[in-house]
file input_14.cif (mmCIF, C-alpha atoms)
data_structure
#
loop_
_atom_site.label_atom_id
_atom_site.label_comp_id
_atom_site.auth_asym_id
_atom_site.auth_seq_id
_atom_site.Cartn_x
_atom_site.Cartn_y
_atom_site.Cartn_z
CA MET A 166 -13.84 -18.17 16.49
CA SER A 167 -16.64 -16.24 14.76
CA GLN A 168 -16.18 -13.00 12.84
CA PRO A 169 -16.82 -9.86 14.98
CA SER A 170 -19.94 -7.90 14.05
CA VAL A 171 -18.10 -4.54 14.01
CA ILE A 172 -14.63 -4.49 12.52
CA LEU A 173 -12.01 -1.77 12.36
CA ALA A 174 -9.14 -2.10 9.91
CA THR A 175 -5.88 -0.20 10.31
CA ALA A 176 -2.66 0.01 8.31
CA GLY A 177 0.34 2.29 8.00
CA TYR A 178 4.06 2.64 7.65
CA ASP A 179 4.71 -0.57 9.59
CA HIS A 180 3.78 -2.66 6.50
CA THR A 181 0.94 -4.33 8.40
CA ILE A 182 -2.85 -4.45 8.00
CA ARG A 183 -4.72 -5.22 11.21
CA PHE A 184 -8.35 -6.19 11.76
CA TRP A 185 -9.80 -5.25 15.14
CA GLU A 186 -12.89 -6.26 17.04
CA ALA A 187 -14.33 -2.82 17.75
CA LYS A 188 -16.17 -3.70 20.96
CA SER A 189 -13.24 -5.35 22.76
CA GLY A 190 -10.32 -3.64 21.02
CA ARG A 191 -8.79 -7.05 20.27
CA CYS A 192 -6.70 -7.47 17.11
CA TYR A 193 -7.91 -10.75 15.63
CA ARG A 194 -6.08 -10.80 12.27
CA THR A 195 -2.84 -9.39 10.87
CA ILE A 196 -1.67 -9.30 7.25
CA GLN A 197 1.90 -8.41 6.41
CA TYR A 198 2.23 -5.98 3.50
CA PRO A 199 5.91 -6.34 2.72
CA ASP A 200 6.15 -4.40 -0.57
CA SER A 201 5.56 -0.94 0.87
CA GLN A 202 3.88 1.11 3.55
CA VAL A 203 0.09 1.39 3.33
CA ASN A 204 -0.93 4.97 2.48
CA ARG A 205 -4.68 4.47 2.40
CA LEU A 206 -7.13 1.75 3.42
CA GLU A 207 -10.71 1.69 2.11
CA ILE A 208 -13.37 -1.04 2.32
CA THR A 209 -15.64 -1.90 -0.62
CA PRO A 210 -19.34 -0.96 -0.29
CA ASP A 211 -20.30 -4.62 0.21
CA LYS A 212 -17.89 -4.68 3.19
CA GLN A 213 -16.09 -7.76 1.84
CA TYR A 214 -12.76 -6.37 0.58
CA PRO A 215 -10.39 -3.85 2.12
CA SER A 216 -8.23 -2.13 -0.47
CA ALA A 217 -4.72 -1.17 0.56
CA ALA A 218 -3.01 1.61 -1.39
CA GLY A 219 0.76 1.38 -1.36
CA ASN A 220 3.73 2.19 -3.56
CA PRO A 221 2.89 1.90 -6.47
CA HIS A 222 -0.06 -0.48 -6.31
CA ILE A 223 -3.47 -1.24 -4.80
CA ARG A 224 -4.28 -4.64 -3.35
CA LEU A 225 -7.67 -6.06 -2.34
CA PHE A 226 -7.92 -8.60 0.49
CA GLU A 227 -10.87 -10.60 1.79
CA VAL A 228 -12.31 -9.63 5.17
CA ASN A 229 -13.72 -13.12 5.82
CA SER A 230 -10.58 -15.08 5.04
CA ASN A 231 -7.45 -16.21 6.81
CA SER A 232 -5.39 -15.93 3.64
CA PRO A 233 -2.66 -13.29 3.74
CA GLN A 234 -2.65 -13.14 -0.08
CA PRO A 235 -4.54 -10.41 -1.95
CA VAL A 236 -7.46 -11.52 -4.10
CA MET A 237 -6.61 -8.83 -6.67
CA SER A 238 -3.77 -6.40 -7.40
CA TYR A 239 -3.88 -3.19 -9.44
CA GLY A 240 -0.54 -1.77 -10.49
CA SER A 241 -0.29 0.85 -13.20
CA HIS A 242 0.60 3.83 -11.00
CA THR A 243 4.30 4.68 -10.92
CA SER A 244 4.50 6.22 -7.44
CA ASN A 245 2.76 6.18 -4.05
CA VAL A 246 -0.99 5.63 -4.33
CA MET A 247 -2.44 8.12 -1.86
CA ALA A 248 -6.19 7.84 -2.51
CA VAL A 249 -8.59 5.01 -3.25
CA GLY A 250 -12.37 4.74 -3.16
CA PHE A 251 -15.36 2.95 -4.63
CA GLN A 252 -18.62 3.74 -6.37
CA CYS A 253 -21.64 2.73 -4.25
CA ASP A 254 -22.40 -0.41 -6.28
CA GLY A 255 -18.81 -1.61 -5.90
CA ASN A 256 -18.18 -2.11 -9.62
CA TRP A 257 -15.78 0.83 -9.99
CA MET A 258 -12.73 1.86 -8.00
CA TYR A 259 -10.85 5.14 -8.36
CA SER A 260 -7.34 6.00 -7.23
CA GLY A 261 -4.96 8.95 -7.08
CA SER A 262 -1.19 8.92 -6.88
CA GLU A 263 1.88 11.03 -6.33
CA ASP A 264 2.62 10.27 -10.00
CA GLY A 265 -0.01 12.91 -10.84
CA THR A 266 -2.67 10.56 -12.16
CA VAL A 267 -6.23 9.68 -11.24
CA LYS A 268 -7.30 6.25 -12.46
CA ILE A 269 -10.68 4.59 -12.83
CA TRP A 270 -10.80 0.80 -12.52
CA ASP A 271 -13.68 -1.52 -13.46
CA LEU A 272 -13.39 -4.26 -10.84
CA ARG A 273 -15.08 -6.70 -13.25
CA ALA A 274 -12.39 -6.26 -15.92
CA PRO A 275 -8.59 -6.29 -15.95
CA GLY A 276 -6.56 -3.11 -16.04
CA CYS A 277 -7.17 0.60 -15.72
CA GLN A 278 -10.22 1.76 -17.68
CA ARG A 279 -9.58 5.50 -17.67
CA GLU A 280 -6.68 7.76 -16.66
CA TYR A 281 -6.51 11.50 -16.01
CA GLU A 282 -3.30 13.53 -15.77
CA SER A 283 -3.37 16.24 -13.11
CA ARG A 284 0.25 17.36 -13.62
CA ALA A 285 0.65 17.49 -9.84
CA THR A 286 0.70 15.06 -6.95
CA VAL A 287 -2.78 13.70 -6.19
CA ASN A 288 -3.30 13.31 -2.43
CA THR A 289 -7.03 12.71 -2.35
CA VAL A 290 -9.89 11.82 -4.69
CA VAL A 291 -13.59 11.87 -3.87
CA LEU A 292 -16.58 10.81 -5.93
CA HIS A 293 -19.47 13.23 -6.17
CA PRO A 294 -22.42 12.02 -4.04
CA ASN A 295 -24.59 11.40 -7.10
CA GLN A 296 -22.33 8.36 -7.68
CA MET A 297 -22.43 8.80 -11.45
CA LEU A 298 -19.40 6.89 -12.58
CA ASN A 299 -19.26 4.95 -15.80
CA THR A 300 -17.30 5.31 -19.01
CA LYS A 301 -20.02 7.32 -20.75
CA GLN A 302 -20.34 9.83 -17.92
CA VAL A 303 -16.64 10.23 -17.19
CA LEU A 304 -15.66 11.16 -20.72
CA LYS A 305 -14.94 14.81 -20.06
CA LEU A 306 -12.36 15.71 -17.48
CA THR A 307 -10.10 18.61 -18.25
CA ARG A 308 -7.58 20.43 -16.14
CA LYS A 309 -6.51 23.99 -16.78
CA SER A 310 -3.81 25.73 -14.82
CA LEU A 311 -5.07 29.16 -13.83
CA ILE A 312 -2.39 30.66 -11.65
CA THR A 313 1.14 29.61 -10.86
CA GLN A 314 2.76 31.92 -8.36
CA LYS A 315 5.57 31.01 -5.97
CA GLY A 316 4.73 27.29 -6.18
CA LEU A 317 1.03 27.88 -5.54
CA VAL A 318 -1.00 26.24 -8.27
CA ALA A 319 -4.68 26.83 -8.90
CA GLY A 320 -6.49 24.45 -11.21
CA VAL A 321 -9.95 23.65 -12.42
CA CYS A 322 -11.30 20.26 -13.43
CA SER A 323 -14.64 20.00 -15.23
CA MET A 324 -16.73 16.86 -15.43
CA GLY A 325 -19.84 16.69 -17.61
CA ILE A 326 -22.60 14.54 -16.12
CA GLY A 327 -25.68 14.73 -18.27
CA GLU A 328 -26.79 18.36 -18.45
CA TYR A 329 -24.73 19.33 -15.41
CA VAL A 330 -21.15 20.44 -15.39
CA VAL A 331 -19.43 20.29 -12.04
CA ARG A 332 -16.08 21.98 -11.65
CA LEU A 333 -13.64 21.09 -8.94
CA PHE A 334 -11.05 23.66 -8.06
CA SER A 335 -8.03 23.85 -5.84
CA ILE A 336 -5.98 26.82 -4.79
CA GLY A 337 -3.13 25.83 -2.56
CA HIS A 338 -4.64 23.61 0.12
CA ARG A 339 -8.24 24.81 -0.43
CA THR A 340 -10.64 22.75 -2.50
CA GLY A 341 -14.22 23.29 -3.52
CA THR A 342 -16.75 22.85 -6.27
CA TYR A 343 -18.94 25.11 -8.31
CA GLU A 344 -21.52 24.50 -11.00
CA LYS A 345 -22.29 26.32 -14.24
CA SER A 346 -24.50 28.88 -12.46
CA GLY A 347 -21.39 30.00 -10.58
CA LYS A 348 -22.59 28.74 -7.18
CA CYS A 349 -19.56 27.79 -5.15
CA TRP A 350 -19.47 25.45 -2.15
#
call {"tool": "encode", "arguments": {"input": "input_14.cif", "output": "structure tokens"}}
result
Amino acid sequence: MSQPSVILATAGYDHTIRFWEAKSGRCYRTIQYPDSQVNRLEITPDKQYPSAAGNPHIRLFEVNSNSPQPVMSYGSHTSNVMAVGFQCDGNWMYSGSEDGTVKIWDLRAPGCQREYESRATVNTVVLHPNQMLNTKQVLKLTRKSLITQKGLVAGVCSMGIGEYVVRLFSIGHRTGTYEKSGKCW
């Protein structure tokens, strides 16, 4: 049977990754993920590899394969991986975990290339739309605690990209960015 033209992929606490034909709603492939639940599923920009974030690892599978085995595993987090994503060219992957770290992975090389400590659970990570992600441009990332009051933590992360400095902030459940001019969005 041929590969559907539009595919949906789902995963969750049932330790199963499913591939669906979007038009008919038919599940045409199932992969068991026995090591843990799947916290996050993201597909590479070339649409060839879904990445499954579990506890405490990330596994990449092939979309166009019948093999239930991952083609690559990434495992230096020490707790649930809650976030995973890719740079637009597909060479870099980033992840965030309940262990309080954000990691940058070069998919062309073994191991984690860069790690940032947030000192708090990381539930989500997003890459700025300019897609600037390489080891020279991700050299500066600092976190400063601003306010700790009744368990509510406010923090600021700064990332230097060329002449621009973008700061990401979070106060409780609110997140935003602002640049050196003070513009906030």
call {"tool": "residues_around", "arguments": {"input": "input_14.cif", "residues": "Asn288 (chain A)", "least_positions_apart": "5", "cutoff": "7 Å", "atoms": "only C-alpha atoms", "output": "number ranges by chain"}}
result
A: 247-248, 261-263
call {"tool": "resolve_selection", "arguments": {"input": "input_14.cif", "expression": "the PyMOL selection byres ((chain A and resi 197) around 12)", "output": "PyMOL selection string"}}
result
chain A and resi 175-184+194-196+198-203+217+226+232-235
call {"tool": "write_last_selection", "arguments": {"input": "input_14.cif", "atoms": "C-alpha atoms", "output": "JSON list (two decimals), in the frame of the given file"}}
result
[["chain", "number", "residue", "atom", "x", "y", "z"],
["A", 175, "THR", "CA", -5.88, -0.20, 10.31],
["A", 176, "ALA", "CA", -2.66, 0.01, 8.31],
["A", 177, "GLY", "CA", 0.34, 2.29, 8.00],
["A", 178, "TYR", "CA", 4.06, 2.64, 7.65],
["A", 179, "ASP", "CA", 4.71, -0.57, 9.59],
["A", 180, "HIS", "CA", 3.78, -2.66, 6.50],
["A", 181, "THR", "CA", 0.94, -4.33, 8.40],
["A", 182, "ILE", "CA", -2.85, -4.45, 8.00],
["A", 183, "ARG", "CA", -4.72, -5.22, 11.21],
["A", 184, "PHE", "CA", -8.35, -6.19, 11.76],
["A", 194, "ARG", "CA", -6.08, -10.80, 12.27],
["A", 195, "THR", "CA", -2.84, -9.39, 10.87],
["A", 196, "ILE", "CA", -1.67, -9.30, 7.25],
["A", 198, "TYR", "CA", 2.23, -5.98, 3.50],
["A", 199, "PRO", "CA", 5.91, -6.34, 2.72],
["A", 200, "ASP", "CA", 6.15, -4.40, -0.57],
["A", 201, "SER", "CA", 5.56, -0.94, 0.87],
["A", 202, "GLN", "CA", 3.88, 1.11, 3.55],
["A", 203, "VAL", "CA", 0.09, 1.39, 3.33],
["A", 217, "ALA", "CA", -4.72, -1.17, 0.56],
["A", 226, "PHE", "CA", -7.92, -8.60, 0.49],
["A", 232, "SER", "CA", -5.39, -15.93, 3.64],
["A", 233, "PRO", "CA", -2.66, -13.29, 3.74],
["A", 234, "GLN", "CA", -2.65, -13.14, -0.08],
["A", 235, "PRO", "CA", -4.54, -10.41, -1.95]]
call {"tool": "resolve_selection", "arguments": {"input": "input_14.cif", "expression": "the PyMOL selection byres ((chain A and resi 269) around 9)", "output": "list in words"}}
result
Trp257, Met258, Tyr259, Ser260, Val267, Lys268, Trp270, Asp271, Cys277, Gln278, Arg279, Glu280 and Tyr281 of chain A
call {"tool": "atom_distance", "arguments": {"input": "input_14.cif", "atom1": "CA of Thr266 (chain A)", "atom2": "CA of Arg284 (chain A)"}}
result
7.5 Å
call {"tool": "residues_near_point", "arguments": {"input": "input_14.cif", "point": "(-13.0, 13.1, -8.0)", "cutoff": "9 Å", "atoms": "only C-alpha atoms", "output": "list in words"}}
result
Tyr259, Val267, Thr289, Val290, Val291, Leu292, His293 and Leu333 of chain A
call {"tool": "closest_residue", "arguments": {"input": "input_14.cif", "among": "A:Asn204, A:Asn220, A:Thr209, A:Thr286", "to": "Leu272 (chain A)", "atoms": "all atoms listed in the file"}}
result
A:Thr209
call {"tool": "closest_residue", "arguments": {"input": "input_14.cif", "among": "A:Cys253, A:Val246, A:Ala174, A:Val228", "to": "Lys212 (chain A)", "atoms": "all atoms listed in the file"}}
result
A:Val228
call {"tool": "atom_distance", "arguments": {"input": "input_14.cif", "atom1": "CA of Gly190 (chain A)", "atom2": "CA of Arg224 (chain A)"}}
result
25.1 Å
call {"tool": "residues_around", "arguments": {"input": "input_14.cif", "residues": "Leu173 (chain A)", "least_positions_apart": "6", "cutoff": "8 Å", "atoms": "all atoms listed in the file", "output": "list of chain:residue names"}}
result
A:Phe184, A:Trp185, A:Glu186, A:Ala187
call {"tool": "atom_distance", "arguments": {"input": "input_14.cif", "atom1": "CA of Pro221 (chain A)", "atom2": "CA of Asp254 (chain A)"}}
result
25.4 Å
call {"tool": "closest_residue", "arguments": {"input": "input_14.cif", "among": "A:Glu227, A:Arg205, A:Glu282, A:Pro275", "to": "Asn245 (chain A)", "atoms": "all atoms listed in the file"}}
result
A:Arg205
call {"tool": "closest_residue", "arguments": {"input": "input_14.cif", "among": "A:Val236, A:Ile223, A:Glu207, A:Asn229", "to": "Tyr193 (chain A)", "atoms": "only C-alpha atoms"}}
result
A:Asn229
call {"tool": "axis_aligned_box", "arguments": {"input": "input_14.cif", "around": "region 197-208 of chain A", "padding_each_side": "6 Å", "output": "JSON"}}
result
{"center_x": -3.6, "center_y": -1.7, "center_z": 2.9, "size_x": 31.5, "size_y": 25.4, "size_z": 19.0}
